[in-house]
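Engineer: Here it is: the structure, laid out below.
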Amino acid sequence: MPVQTINFHIKGDSRGSLIACEQNHNIPFDIKRVYYIFNTAPDAVRGKHAHKTLGQILVCISGSCDISTEENGRQNTYYLNSPTHGLYISGLVWREMSNFSPDAVLLVLASDYYKESDYIRNYKDFLRLTKEQND
Ligand code: T46
């Protein structure tokens, strides 16, 4: 499945909670890059692109935001509001992030380094590539 929700196992005790992300254990790829998005304007819409090969797990470790996805004609919106849940996106998936709360910090674990050549930033190109993939 190109878009999957992930529930992280919480190590908790009387002091609080801890979640560990380990490559090829609970994260299904080698983690080559970590970035985080914060201070997002309330009306901002980020993303608006797909990737050719990148796999990513998105976790809203503080606050909340919406992740809208489209793959193979299927559209969904996921409300991320917990450090205990992630969204795994791989394959040809158009994604948009919006509705960021003022305290939102969106953490992203990525399977590869930043490569602009992996981005599909034109929606018509995304639809064409989706069609080619299905032909
Ligand atoms: C994605 C969503 C969820 C870098 O230099 N290195 C990086 O690793 C990244 C991610 C970005 N950048 C530069 C490229 C742009 O000049 O930072 C600037 C903002 O990047 P972008 O407009 O692509 O950011 P978003 O929030 O629209 O998308 C990002 C990721 O780029 C993308 O892979 O899936 O978050």
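Every chain in the structure tokens takes a letter, A first, then B, and so on in the order presented; its residues are numbered from 1, and the ligands are numbered from 1 following the presented order.
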Kindly provide the residues of chain A that approach ligand 1 to within 8 Å, each paired with its closest atom pair and their distance in Å to one decimal, based on only C-alpha atoms and all ligand atoms, listed by chain and increasing number, as a tab-separated table.

Structural biologist:
residue	atom	partner	partner_atom_place_in_ligand_line	distance
A:Arg33	CA	ligand 1	8 (O)	7.0
A:Val34	CA	ligand 1	8 (O)	7.4
A:Tyr35	CA	ligand 1	8 (O)	6.1
A:Ile37	CA	ligand 1	26 (O)	6.8
A:Val45	CA	ligand 1	27 (O)	7.8
A:Arg46	CA	ligand 1	27 (O)	4.1
A:Gly47	CA	ligand 1	27 (O)	3.3
A:Lys48	CA	ligand 1	27 (O)	6.5
A:His49	CA	ligand 1	34 (O)	7.2
A:Ala50	CA	ligand 1	34 (O)	7.0
A:His51	CA	ligand 1	33 (O)	7.1
A:Leu54	CA	ligand 1	33 (O)	7.9
A:Gln56	CA	ligand 1	34 (O)	7.0
A:Leu58	CA	ligand 1	3 (C)	6.9
A:Arg95	CA	ligand 1	34 (O)	6.8
A:Glu96	CA	ligand 1	3 (C)	7.5
A:Met97	CA	ligand 1	3 (C)	7.1
A:Val108	CA	ligand 1	3 (C)	6.9
A:Tyr113	CA	ligand 1	8 (O)	6.8
A:Tyr114	CA	ligand 1	8 (O)	4.6
A:Lys115	CA	ligand 1	8 (O)	8.0
A:Glu116	CA	ligand 1	14 (C)	7.8
A:Tyr119	CA	ligand 1	33 (O)	7.4

Engineer: Pull N, CA, C and O atoms from the residues just selected and write them as an mmCIF file, in the first residue's frame.

Structural biologist:
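Contents of out_12.cif, freshly written:
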data_model
loop_
_atom_site.group_PDB
_atom_site.id
_atom_site.type_symbol
_atom_site.label_atom_id
_atom_site.label_comp_id
_atom_site.auth_asym_id
_atom_site.auth_seq_id
_atom_site.Cartn_x
_atom_site.Cartn_y
_atom_site.Cartn_z
ATOM 1 N N ARG A 33 17.870 10.400 5.765
ATOM 2 C CA ARG A 33 17.661 11.842 5.988
ATOM 3 C C ARG A 33 16.528 12.025 6.971
ATOM 4 O O ARG A 33 15.559 11.260 6.969
ATOM 5 N N VAL A 34 16.691 13.019 7.825
ATOM 6 C CA VAL A 34 15.625 13.419 8.753
ATOM 7 C C VAL A 34 15.466 14.927 8.615
ATOM 8 O O VAL A 34 16.457 15.656 8.608
ATOM 9 N N TYR A 35 14.226 15.385 8.441
ATOM 10 C CA TYR A 35 13.993 16.833 8.467
ATOM 11 C C TYR A 35 12.690 17.111 9.202
ATOM 12 O O TYR A 35 11.906 16.188 9.448
ATOM 13 N N ILE A 37 9.482 20.202 9.856
ATOM 14 C CA ILE A 37 8.814 21.398 9.354
ATOM 15 C C ILE A 37 8.107 22.046 10.540
ATOM 16 O O ILE A 37 7.360 21.372 11.259
ATOM 17 N N VAL A 45 -0.099 25.886 2.505
ATOM 18 C CA VAL A 45 -0.242 24.525 1.976
ATOM 19 C C VAL A 45 1.125 24.135 1.427
ATOM 20 O O VAL A 45 1.652 24.805 0.532
ATOM 21 N N ARG A 46 1.715 23.108 1.997
ATOM 22 C CA ARG A 46 3.048 22.657 1.578
ATOM 23 C C ARG A 46 2.922 21.378 0.755
ATOM 24 O O ARG A 46 1.843 20.815 0.639
ATOM 25 N N GLY A 47 4.044 20.909 0.260
ATOM 26 C CA GLY A 47 4.022 19.690 -0.544
ATOM 27 C C GLY A 47 3.613 20.018 -1.960
ATOM 28 O O GLY A 47 4.325 20.718 -2.667
ATOM 29 N N LYS A 48 2.455 19.525 -2.382
ATOM 30 C CA LYS A 48 1.971 19.699 -3.757
ATOM 31 C C LYS A 48 2.955 19.082 -4.729
ATOM 32 O O LYS A 48 3.404 19.747 -5.687
ATOM 33 N N HIS A 49 3.341 17.863 -4.442
ATOM 34 C CA HIS A 49 4.236 17.147 -5.341
ATOM 35 C C HIS A 49 4.147 15.653 -5.027
ATOM 36 O O HIS A 49 3.537 15.248 -4.034
ATOM 37 N N ALA A 50 4.773 14.869 -5.890
ATOM 38 C CA ALA A 50 4.929 13.425 -5.631
ATOM 39 C C ALA A 50 6.421 13.128 -5.741
ATOM 40 O O ALA A 50 7.229 14.005 -6.074
ATOM 41 N N HIS A 51 6.776 11.893 -5.427
ATOM 42 C CA HIS A 51 8.166 11.470 -5.576
ATOM 43 C C HIS A 51 8.222 10.246 -6.479
ATOM 44 O O HIS A 51 7.304 9.419 -6.501
ATOM 45 N N LEU A 54 11.187 7.949 -3.596
ATOM 46 C CA LEU A 54 11.411 8.182 -2.160
ATOM 47 C C LEU A 54 10.335 7.536 -1.282
ATOM 48 O O LEU A 54 9.154 7.564 -1.617
ATOM 49 N N GLN A 56 8.895 7.794 2.722
ATOM 50 C CA GLN A 56 8.973 8.728 3.849
ATOM 51 C C GLN A 56 7.962 8.334 4.922
ATOM 52 O O GLN A 56 6.866 7.843 4.608
ATOM 53 N N LEU A 58 5.983 10.310 7.994
ATOM 54 C CA LEU A 58 5.672 11.628 8.531
ATOM 55 C C LEU A 58 5.043 11.452 9.916
ATOM 56 O O LEU A 58 4.102 10.660 10.075
ATOM 57 N N ARG A 95 1.046 14.514 -2.555
ATOM 58 C CA ARG A 95 0.767 14.864 -1.165
ATOM 59 C C ARG A 95 0.737 16.365 -0.952
ATOM 60 O O ARG A 95 1.478 17.103 -1.586
ATOM 61 N N GLU A 96 -0.181 16.770 -0.078
ATOM 62 C CA GLU A 96 -0.255 18.164 0.332
ATOM 63 C C GLU A 96 -0.407 18.213 1.844
ATOM 64 O O GLU A 96 -1.121 17.387 2.420
ATOM 65 N N MET A 97 0.284 19.142 2.487
ATOM 66 C CA MET A 97 0.179 19.297 3.939
ATOM 67 C C MET A 97 -0.451 20.655 4.224
ATOM 68 O O MET A 97 -0.039 21.663 3.646
ATOM 69 N N VAL A 108 9.977 14.212 9.529
ATOM 70 C CA VAL A 108 9.945 13.307 8.368
ATOM 71 C C VAL A 108 11.222 12.469 8.335
ATOM 72 O O VAL A 108 12.337 13.018 8.377
ATOM 73 N N TYR A 113 18.637 10.779 0.334
ATOM 74 C CA TYR A 113 19.082 12.149 0.474
ATOM 75 C C TYR A 113 18.184 13.066 -0.359
ATOM 76 O O TYR A 113 17.419 12.594 -1.197
ATOM 77 N N TYR A 114 18.295 14.349 -0.123
ATOM 78 C CA TYR A 114 17.508 15.311 -0.891
ATOM 79 C C TYR A 114 17.989 15.336 -2.341
ATOM 80 O O TYR A 114 19.154 15.597 -2.604
ATOM 81 N N LYS A 115 17.051 15.038 -3.240
ATOM 82 C CA LYS A 115 17.386 15.051 -4.673
ATOM 83 C C LYS A 115 16.231 15.695 -5.415
ATOM 84 O O LYS A 115 15.144 15.102 -5.496
ATOM 85 N N GLU A 116 16.444 16.871 -5.929
ATOM 86 C CA GLU A 116 15.361 17.549 -6.653
ATOM 87 C C GLU A 116 14.894 16.707 -7.849
ATOM 88 O O GLU A 116 13.722 16.750 -8.222
ATOM 89 N N TYR A 119 11.671 14.653 -7.518
ATOM 90 C CA TYR A 119 10.366 15.311 -7.327
ATOM 91 C C TYR A 119 9.559 15.332 -8.619
ATOM 92 O O TYR A 119 10.107 15.551 -9.699
#

Engineer: Excluding A:Gly86 and residues on its chain fewer than 2 positions from it, collect all residues at most 8 Å away from it, counting only C-alpha atoms, and give them as a list in words.

Structural biologist: Thr5, Ile6, Asn7, Phe8, Ile57, Leu58, Val59, Cys60, Leu80, Pro83, Thr84 and Tyr88 of chain A

Engineer: Could you list, as number ranges by chain, every residue within 12 Å of A:Asn76, counting only C-alpha atoms and ignoring same-chain residues fewer than 3 positions away?

Structural biologist: A: 2-5, 66-73, 79, 87, 93-97

Engineer: Store the residues picked out above in a file with N, CA and C atoms, as a PDB file, in the first residue's frame.

Structural biologist:
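Listed below is the output, out.pdb:
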ATOM      1  N   PRO A   2       0.651   2.181  -0.910  1.00  0.00           N
ATOM      2  CA  PRO A   2       1.486   3.383  -0.987  1.00  0.00           C
ATOM      3  C   PRO A   2       1.322   4.332   0.210  1.00  0.00           C
ATOM      4  N   VAL A   3       0.151   4.271   0.882  1.00  0.00           N
ATOM      5  CA  VAL A   3      -0.054   5.131   2.057  1.00  0.00           C
ATOM      6  C   VAL A   3      -0.557   4.259   3.202  1.00  0.00           C
ATOM      7  N   GLN A   4       0.206   4.237   4.283  1.00  0.00           N
ATOM      8  CA  GLN A   4      -0.171   3.397   5.429  1.00  0.00           C
ATOM      9  C   GLN A   4       0.031   4.168   6.718  1.00  0.00           C
ATOM     10  N   THR A   5      -0.860   3.961   7.657  1.00  0.00           N
ATOM     11  CA  THR A   5      -0.628   4.544   8.973  1.00  0.00           C
ATOM     12  C   THR A   5       0.200   3.567   9.807  1.00  0.00           C
ATOM     13  N   ASP A  66      -2.930  18.354   8.607  1.00  0.00           N
ATOM     14  CA  ASP A  66      -3.585  17.421   7.680  1.00  0.00           C
ATOM     15  C   ASP A  66      -2.606  17.035   6.579  1.00  0.00           C
ATOM     16  N   ILE A  67      -2.623  15.760   6.223  1.00  0.00           N
ATOM     17  CA  ILE A  67      -1.862  15.291   5.061  1.00  0.00           C
ATOM     18  C   ILE A  67      -2.880  14.736   4.067  1.00  0.00           C
ATOM     19  N   SER A  68      -2.993  15.386   2.925  1.00  0.00           N
ATOM     20  CA  SER A  68      -3.895  14.894   1.878  1.00  0.00           C
ATOM     21  C   SER A  68      -3.078  14.145   0.840  1.00  0.00           C
ATOM     22  N   THR A  69      -3.562  12.979   0.468  1.00  0.00           N
ATOM     23  CA  THR A  69      -2.822  12.159  -0.490  1.00  0.00           C
ATOM     24  C   THR A  69      -3.726  11.769  -1.658  1.00  0.00           C
ATOM     25  N   GLU A  70      -3.082  11.540  -2.784  1.00  0.00           N
ATOM     26  CA  GLU A  70      -3.793  10.983  -3.946  1.00  0.00           C
ATOM     27  C   GLU A  70      -2.885   9.963  -4.589  1.00  0.00           C
ATOM     28  N   GLU A  71      -3.382   8.761  -4.751  1.00  0.00           N
ATOM     29  CA  GLU A  71      -2.638   7.723  -5.477  1.00  0.00           C
ATOM     30  C   GLU A  71      -3.628   6.860  -6.224  1.00  0.00           C
ATOM     31  N   ASN A  72      -3.314   6.658  -7.491  1.00  0.00           N
ATOM     32  CA  ASN A  72      -4.176   5.838  -8.332  1.00  0.00           C
ATOM     33  C   ASN A  72      -5.633   6.287  -8.311  1.00  0.00           C
ATOM     34  N   GLY A  73      -5.859   7.589  -8.229  1.00  0.00           N
ATOM     35  CA  GLY A  73      -7.222   8.114  -8.211  1.00  0.00           C
ATOM     36  C   GLY A  73      -7.882   8.097  -6.840  1.00  0.00           C
ATOM     37  N   TYR A  79      -5.430  13.138   9.447  1.00  0.00           N
ATOM     38  CA  TYR A  79      -5.201  14.153  10.477  1.00  0.00           C
ATOM     39  C   TYR A  79      -4.132  13.609  11.419  1.00  0.00           C
ATOM     40  N   LEU A  87       2.628   8.356   9.229  1.00  0.00           N
ATOM     41  CA  LEU A  87       2.063   8.041   7.921  1.00  0.00           C
ATOM     42  C   LEU A  87       3.220   7.660   7.010  1.00  0.00           C
ATOM     43  N   VAL A  93       2.696   9.007  -5.114  1.00  0.00           N
ATOM     44  CA  VAL A  93       1.632   9.580  -4.274  1.00  0.00           C
ATOM     45  C   VAL A  93       1.756  11.101  -4.282  1.00  0.00           C
ATOM     46  N   TRP A  94       0.713  11.769  -4.728  1.00  0.00           N
ATOM     47  CA  TRP A  94       0.670  13.228  -4.608  1.00  0.00           C
ATOM     48  C   TRP A  94       0.327  13.553  -3.167  1.00  0.00           C
ATOM     49  N   ARG A  95       1.046  14.514  -2.555  1.00  0.00           N
ATOM     50  CA  ARG A  95       0.767  14.864  -1.165  1.00  0.00           C
ATOM     51  C   ARG A  95       0.737  16.365  -0.952  1.00  0.00           C
ATOM     52  N   GLU A  96      -0.181  16.770  -0.078  1.00  0.00           N
ATOM     53  CA  GLU A  96      -0.255  18.164   0.332  1.00  0.00           C
ATOM     54  C   GLU A  96      -0.407  18.213   1.844  1.00  0.00           C
ATOM     55  N   MET A  97       0.284  19.142   2.487  1.00  0.00           N
ATOM     56  CA  MET A  97       0.179  19.297   3.939  1.00  0.00           C
ATOM     57  C   MET A  97      -0.451  20.655   4.224  1.00  0.00           C
TER      58      MET A  97
END

Engineer: Can you list every residue in stretch 43-117 of chain A that DSSP puts in strand (DSSP E or B), as a ChimeraX atom specification?

Structural biologist: /A:46-51,56-62,65-71,74-80,85-89,94-98,105-110

Engineer: Give me the residues near A:Glu132 as a short mmCIF file (atom, residue, chain, number, x, y, z; two decimals) with N, CA and C atoms, in the first residue's frame, where near means some atom within 12 Å (using only C-alpha atoms) and where sequence neighbours in that chain fewer than 4 positions away do not count.

Structural biologist:
data_model
loop_
_atom_site.label_atom_id
_atom_site.label_comp_id
_atom_site.auth_asym_id
_atom_site.auth_seq_id
_atom_site.Cartn_x
_atom_site.Cartn_y
_atom_site.Cartn_z
N ASN A 72 -3.31 6.66 -7.49
CA ASN A 72 -4.18 5.84 -8.33
C ASN A 72 -5.63 6.29 -8.31
N LEU A 92 4.11 6.29 -6.03
CA LEU A 92 3.64 7.48 -6.74
C LEU A 92 2.43 8.07 -6.01
N ASP A 125 1.98 15.95 -14.90
CA ASP A 125 3.02 14.92 -15.04
C ASP A 125 2.73 13.74 -14.10
N PHE A 126 2.26 14.07 -12.89
CA PHE A 126 1.91 13.02 -11.93
C PHE A 126 0.79 12.13 -12.49
N LEU A 127 -0.24 12.75 -13.05
CA LEU A 127 -1.34 11.96 -13.61
C LEU A 127 -0.86 11.10 -14.78
N ARG A 128 0.01 11.67 -15.61
CA ARG A 128 0.54 10.92 -16.76
C ARG A 128 1.38 9.73 -16.30
#

Engineer: Can you list, as a list in words, every protein, DNA or RNA residue that comes within 8 Å of stretch 19-24 of chain A when you count only C-alpha atoms, leaving out same-chain residues fewer than 3 positions away?

Structural biologist: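 Here the qualifying residues turn out to be Phe8, His9, Ile10, Lys11, Ile27, Pro28, Phe29, Asp30, Ile31 and Thr84 of chain A.
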
Engineer: Hey, what does DSSP flag as alpha helix (DSSP H) within chain A? Can you give it to me as a count of residues only?

Structural biologist: 12

Engineer: Near A:Ser101, counting only C-alpha atoms, which residues have an atom at most 9 Å away, once you skip same-chain residues fewer than 5 positions from it, shown as an MDAnalysis selection string?

Structural biologist: chainID A and resid 40:42 63:65

Engineer: Of the candidates A:Thr77, A:Asn39, A:Ser98, A:Ser90, which one gets nearest to A:Ala110 if we count only C-alpha atoms?

Structural biologist: A:Ser90

Engineer: Pick from A:Asn81, A:Asn26, A:Gln133, A:Ser14: nearest to A:Ala104, with only C-alpha atoms counted?

Structural biologist: A:Asn81

Engineer: What is the distance, in Å and to one decimal place, between atom CA of A:Ala44 and atom CA of A:Asn99?

Structural biologist: 7.5 Å

Engineer: Do you have the atom CA of A:Tyr36-atom CA of A:Val105 distance handy?

Structural biologist: 6.5 Å
